[in-house]
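Student: Submitted below is the structure of interest, expressed as structure tokens.
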Amino acid sequence: MRIIKKYITVIIGILFIAISYNLFFSPNQLDTGGISGLAIVIHELFFFEESIVIFIGNIILLILSFLILGRDLTKNTLLGSILLPVFIKLTSGISNILIMKDLELLIIAVLGGVLSGLGYGLLFKNNFTSGGTDILNQIALKKFKIPLNKSMIYIDGSIVLLGGIVFGIDSMIYSIISLLIISVLSNKTMLELNKNKIFYILTKKSSEIQEYLTKELKYDITIFETRGGFSKKHQKLILCSVKTKDYYKVKTAIQLIDSEAFITITENYEIMNENTMVPQID
């Protein structure tokens, strides 16, 4: 029953994203990045159907993900990558039913960001993604050691900039507003407004993960020497409190660094002496 509920939630999230795309973004030429934003630009320049562009782009990226990132990291992008262009096709006529032309572009950008942000949040909460440029960001981290936040700026920022060149600076500004709302709301939906998460990471690549958490994200960590109850093998356990906004990024990065890492994530409702260095046990 829990699995059925999980997939229903994911499907509802994808439907929200598709409706937002066809009701707010595409008719008003708001390019919020990703393959879907690129499809709006390609449609304007070459008149290709947007759902087909998104489908082809996602299939190509899925193949790359499978070849470079592996099956485990690819499987949670498969459903979103396939269903999103299908739902965009099925809801393509919604703007003819719900007329939004009389609304100010700012209101359209906000409404689109809210609905799409809720959709992405439902996906992320269940460990799914819609594929697209998220795959490129993960590949950039694994192969070229480019941090996720920087690769997102390079890749999605370039697509938004392209939209600004094609549709004008006003369109780009409203697109950025929508993108910011999507980012904030998807995080809040995904993590139900909790401020922090506690990561317990058991890994054979502790030095690489330690470097990522401390040097890249500037987090304090505690390292414990542990011994398996059955295997009797000694391993290092990393403890780190992660802010809500970095939750998905940190989890994905750890899986890319060590796909065999054992990760436990718990809720953290309050931190005392947050800026105090946690002692490291060696």
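By convention here, the chains of the structure tokens are called A, B, ... in the order presented, each chain's residues are numbered starting at 1, and ligands are numbered starting at 1 in the order presented.
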Out of region 32-70 of chain A, which residues get alpha helix (DSSP H) from DSSP, as a ChimeraX atom specification?

Tutor: /A:34-46,50-68

Student: Quick one: which region 155-207 of chain A residues come within 6 Å of region 234-249 of chain A, and what is the nearest atom pair for each with the distance in Å to one decimal, counting only C-alpha atoms, rows ordered by chain and ascending number, as CSV?

Tutor:
```
residue,atom,partner,partner_atom,distance
A:Lys195,CA,A:Thr244,CA,5.4
A:Asn196,CA,A:Lys243,CA,4.5
A:Lys197,CA,A:Val242,CA,5.2
A:Ile198,CA,A:Ser241,CA,4.5
A:Phe199,CA,A:Cys240,CA,5.2
A:Tyr200,CA,A:Leu239,CA,4.9
A:Ile201,CA,A:Ile238,CA,5.0
A:Leu202,CA,A:Leu237,CA,4.7
```

Student: Using Å and a single decimal, report how far CA of Leu148 (chain A) sits from CA of Glu225 (chain A).

Tutor: 29.1 Å

Student: CA of Lys215 (chain A) to CA of Thr252 (chain A): how many Å, to one decimal?

Tutor: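 CA of Lys215 (chain A) sits 17.0 Å away from CA of Thr252 (chain A).
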
Student: Enumerate the residues of region 122-228 of chain A with a DSSP assignment of strand (DSSP E or B), computed from the backbone, and present them as an MDAnalysis selection string.

Tutor: chainID A and resid 196:203 221:227

Student: Which region 26-110 of chain A residues have any atom within 12 Å of an atom of region 149-170 of chain A, and for each, what is the nearest pair of atoms with distance in Å to one decimal, counting only C-alpha atoms, rows sorted by chain and number, as CSV?

Tutor:
```
residue,atom,partner,partner_atom,distance
A:Ser26,CA,A:Gly163,CA,11.6
A:Asn28,CA,A:Phe167,CA,9.8
A:Gln29,CA,A:Phe167,CA,7.0
A:Leu30,CA,A:Gly163,CA,7.7
A:Asp31,CA,A:Gly163,CA,5.7
A:Thr32,CA,A:Val160,CA,6.0
A:Gly33,CA,A:Asp156,CA,4.8
A:Gly34,CA,A:Asp156,CA,5.7
A:Ile35,CA,A:Ile159,CA,8.5
A:Ser36,CA,A:Ile159,CA,9.9
A:Gly37,CA,A:Ile159,CA,7.0
A:Leu38,CA,A:Ile159,CA,6.2
A:Ala39,CA,A:Ile159,CA,10.0
A:Ile40,CA,A:Gly163,CA,8.2
A:Val41,CA,A:Gly163,CA,6.1
A:Ile42,CA,A:Gly163,CA,9.6
A:His43,CA,A:Val166,CA,11.1
A:Glu44,CA,A:Val166,CA,8.3
A:Leu45,CA,A:Val166,CA,8.4
A:Leu105,CA,A:Asp170,CA,9.6
A:Leu106,CA,A:Asp170,CA,10.3
A:Ala109,CA,A:Asp170,CA,11.6
```

Student: I need the residues from that last selection saved to file as a compact mmCIF listing (two decimals), in the first residue's frame (with all heavy atoms), if you can.

Tutor:
```txt
# COMPACT_ATOMS: atom_id res chain seq x y z
N SER A 26 4.84 27.75 -21.04
CA SER A 26 4.90 27.69 -22.51
C SER A 26 4.11 28.79 -23.21
O SER A 26 4.65 29.44 -24.11
CB SER A 26 4.44 26.31 -22.99
OG SER A 26 4.47 26.24 -24.40
N ASN A 28 3.40 31.69 -22.29
CA ASN A 28 3.95 33.02 -22.00
C ASN A 28 5.46 33.10 -22.22
O ASN A 28 6.09 34.07 -21.83
CB ASN A 28 3.61 33.40 -20.56
CG ASN A 28 2.12 33.53 -20.34
OD1 ASN A 28 1.51 34.51 -20.72
ND2 ASN A 28 1.52 32.51 -19.73
N GLN A 29 6.02 32.05 -22.84
CA GLN A 29 7.43 32.00 -23.21
C GLN A 29 8.35 32.27 -22.00
O GLN A 29 9.28 33.07 -22.07
CB GLN A 29 7.71 32.99 -24.33
CG GLN A 29 6.92 32.67 -25.61
CD GLN A 29 7.12 33.68 -26.70
OE1 GLN A 29 7.31 34.87 -26.45
NE2 GLN A 29 7.09 33.23 -27.96
N LEU A 30 8.04 31.58 -20.90
CA LEU A 30 8.87 31.66 -19.70
C LEU A 30 9.78 30.44 -19.66
O LEU A 30 9.34 29.31 -19.46
CB LEU A 30 7.99 31.72 -18.44
CG LEU A 30 7.10 32.96 -18.31
CD1 LEU A 30 6.26 32.88 -17.03
CD2 LEU A 30 7.93 34.24 -18.33
N ASP A 31 11.06 30.68 -19.85
CA ASP A 31 12.06 29.61 -19.90
C ASP A 31 12.72 29.48 -18.54
O ASP A 31 13.58 30.29 -18.18
CB ASP A 31 13.09 29.96 -20.98
CG ASP A 31 14.29 29.02 -20.98
OD1 ASP A 31 14.23 28.00 -20.28
OD2 ASP A 31 15.27 29.33 -21.68
N THR A 32 12.32 28.46 -17.78
CA THR A 32 12.86 28.26 -16.43
C THR A 32 14.02 27.26 -16.40
O THR A 32 14.35 26.73 -15.35
CB THR A 32 11.75 27.78 -15.47
OG1 THR A 32 11.15 26.59 -16.00
CG2 THR A 32 10.68 28.85 -15.30
N GLY A 33 14.63 27.02 -17.55
CA GLY A 33 15.78 26.13 -17.61
C GLY A 33 15.37 24.68 -17.83
O GLY A 33 14.18 24.36 -17.98
N GLY A 34 16.36 23.81 -17.87
CA GLY A 34 16.10 22.40 -18.08
C GLY A 34 15.72 22.09 -19.53
O GLY A 34 15.66 22.98 -20.38
N ILE A 35 15.44 20.82 -19.78
CA ILE A 35 15.04 20.40 -21.12
C ILE A 35 13.71 21.04 -21.50
O ILE A 35 13.49 21.41 -22.66
CB ILE A 35 14.92 18.86 -21.18
CG1 ILE A 35 16.29 18.21 -21.00
CG2 ILE A 35 14.32 18.42 -22.51
CD1 ILE A 35 17.28 18.53 -22.11
N SER A 36 12.80 21.19 -20.53
CA SER A 36 11.50 21.79 -20.82
C SER A 36 11.64 23.25 -21.23
O SER A 36 10.94 23.72 -22.14
CB SER A 36 10.56 21.65 -19.62
OG SER A 36 11.12 22.27 -18.48
N GLY A 37 12.55 23.97 -20.58
CA GLY A 37 12.79 25.36 -20.97
C GLY A 37 13.43 25.45 -22.34
O GLY A 37 13.07 26.32 -23.15
N LEU A 38 14.36 24.54 -22.62
CA LEU A 38 15.01 24.49 -23.93
C LEU A 38 13.98 24.18 -25.02
O LEU A 38 14.06 24.70 -26.14
CB LEU A 38 16.12 23.44 -23.93
CG LEU A 38 16.98 23.33 -25.19
CD1 LEU A 38 17.69 24.63 -25.48
CD2 LEU A 38 17.98 22.19 -25.05
N ALA A 39 12.98 23.34 -24.69
CA ALA A 39 11.94 22.98 -25.67
C ALA A 39 11.12 24.20 -26.08
O ALA A 39 10.69 24.30 -27.23
CB ALA A 39 11.04 21.90 -25.08
N ILE A 40 10.89 25.11 -25.13
CA ILE A 40 10.14 26.34 -25.45
C ILE A 40 10.92 27.17 -26.47
O ILE A 40 10.34 27.71 -27.43
CB ILE A 40 9.87 27.15 -24.17
CG1 ILE A 40 8.95 26.37 -23.23
CG2 ILE A 40 9.24 28.50 -24.51
CD1 ILE A 40 8.71 27.04 -21.89
N VAL A 41 12.23 27.27 -26.28
CA VAL A 41 13.08 28.02 -27.20
C VAL A 41 13.11 27.35 -28.58
O VAL A 41 12.98 28.02 -29.61
CB VAL A 41 14.51 28.15 -26.63
CG1 VAL A 41 15.42 28.85 -27.64
CG2 VAL A 41 14.50 28.92 -25.32
N ILE A 42 13.29 26.03 -28.60
CA ILE A 42 13.35 25.30 -29.87
C ILE A 42 12.03 25.41 -30.62
O ILE A 42 12.01 25.56 -31.85
CB ILE A 42 13.73 23.83 -29.61
CG1 ILE A 42 15.18 23.74 -29.12
CG2 ILE A 42 13.55 22.99 -30.87
CD1 ILE A 42 15.62 22.35 -28.74
N HIS A 43 10.93 25.37 -29.89
CA HIS A 43 9.61 25.52 -30.53
C HIS A 43 9.48 26.89 -31.18
O HIS A 43 8.93 27.01 -32.29
CB HIS A 43 8.51 25.32 -29.49
CG HIS A 43 7.13 25.57 -30.04
ND1 HIS A 43 6.50 24.69 -30.88
CD2 HIS A 43 6.27 26.61 -29.86
CE1 HIS A 43 5.31 25.17 -31.20
NE2 HIS A 43 5.14 26.33 -30.60
N GLU A 44 9.97 27.91 -30.52
CA GLU A 44 9.90 29.27 -31.07
C GLU A 44 10.76 29.41 -32.32
O GLU A 44 10.36 30.07 -33.28
CB GLU A 44 10.37 30.27 -29.99
CG GLU A 44 10.48 31.71 -30.46
CD GLU A 44 9.13 32.35 -30.75
OE1 GLU A 44 8.10 31.80 -30.31
OE2 GLU A 44 9.11 33.41 -31.42
N LEU A 45 11.92 28.77 -32.33
CA LEU A 45 12.86 28.93 -33.45
C LEU A 45 12.56 27.99 -34.62
O LEU A 45 12.70 28.38 -35.78
CB LEU A 45 14.30 28.69 -32.96
CG LEU A 45 14.84 29.69 -31.93
CD1 LEU A 45 16.22 29.26 -31.46
CD2 LEU A 45 14.89 31.10 -32.50
N LEU A 105 1.92 39.31 -16.08
CA LEU A 105 2.96 38.30 -16.26
C LEU A 105 3.61 37.92 -14.94
O LEU A 105 4.01 36.77 -14.74
CB LEU A 105 4.02 38.81 -17.24
CG LEU A 105 4.99 37.77 -17.79
CD1 LEU A 105 4.25 36.60 -18.43
CD2 LEU A 105 5.95 38.39 -18.80
N LEU A 106 3.69 38.87 -14.01
CA LEU A 106 4.26 38.58 -12.70
C LEU A 106 3.41 37.55 -11.97
O LEU A 106 3.93 36.61 -11.35
CB LEU A 106 4.38 39.85 -11.87
CG LEU A 106 4.90 39.67 -10.43
CD1 LEU A 106 6.29 39.05 -10.43
CD2 LEU A 106 4.89 40.99 -9.68
N ALA A 109 3.97 34.19 -13.52
CA ALA A 109 5.26 33.63 -13.11
C ALA A 109 5.19 33.05 -11.70
O ALA A 109 5.74 31.97 -11.43
CB ALA A 109 6.34 34.71 -13.19
```

Student: Quick one: pull the distance between CA of Val250 (chain A) and CA of Ser175 (chain A), Å, one decimal.

Tutor: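 Between CA of Val250 (chain A) and CA of Ser175 (chain A) the gap is 26.2 Å.
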
Student: Given the choices A:Phe262, A:Tyr212, A:Phe16, A:Phe144, which gets closest to Gly121 (chain A) if the distance is worked out from only C-alpha atoms?

Tutor: A:Phe16

Student: Do a neighbour search on Ser51 (chain A) at 8 Å with only C-alpha atoms, toss out local chain neighbours closer than 5 positions, and write the hits as number ranges by chain.

Tutor: A: 39, 85-86, 88-89

Student: Could you write those residues out with C-alpha atoms, as an mmCIF file, in the first residue's frame?

Tutor:
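This is the output file selection_8.cif:
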```
data_model
loop_
_atom_site.group_PDB
_atom_site.id
_atom_site.type_symbol
_atom_site.label_atom_id
_atom_site.label_comp_id
_atom_site.auth_asym_id
_atom_site.auth_seq_id
_atom_site.Cartn_x
_atom_site.Cartn_y
_atom_site.Cartn_z
ATOM 1 C CA ALA A 39 11.944 22.982 -25.666
ATOM 2 C CA PRO A 85 6.550 14.630 -21.888
ATOM 3 C CA VAL A 86 3.507 12.321 -22.012
ATOM 4 C CA ILE A 88 2.730 17.644 -21.286
ATOM 5 C CA LYS A 89 1.224 16.230 -24.482
#
```

Student: Given the choices A:Val114, A:Ile263, A:Leu69, A:Ile107, which gets closest to Val184 (chain A) if the distance is worked out from only C-alpha atoms?

Tutor: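 When distances to Val184 (chain A) are compared using only C-alpha atoms, the smallest one comes from A:Val114.
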
Student: Using only C-alpha atoms, which residue out of A:Ile257, A:Gly112, A:Gly117, A:Ile181 lies closest to Pro147 (chain A)?

Tutor: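 Result for the nearest residue to Pro147 (chain A): A:Ile257.
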
Student: Go through A:Phe47, A:Phe128, A:Phe66, A:Phe25 one by one, measure the shortest atom-to-atom distance of each to Leu111 (chain A) using only C-alpha atoms, and give the residue with the smallest value.

Tutor: A:Phe25
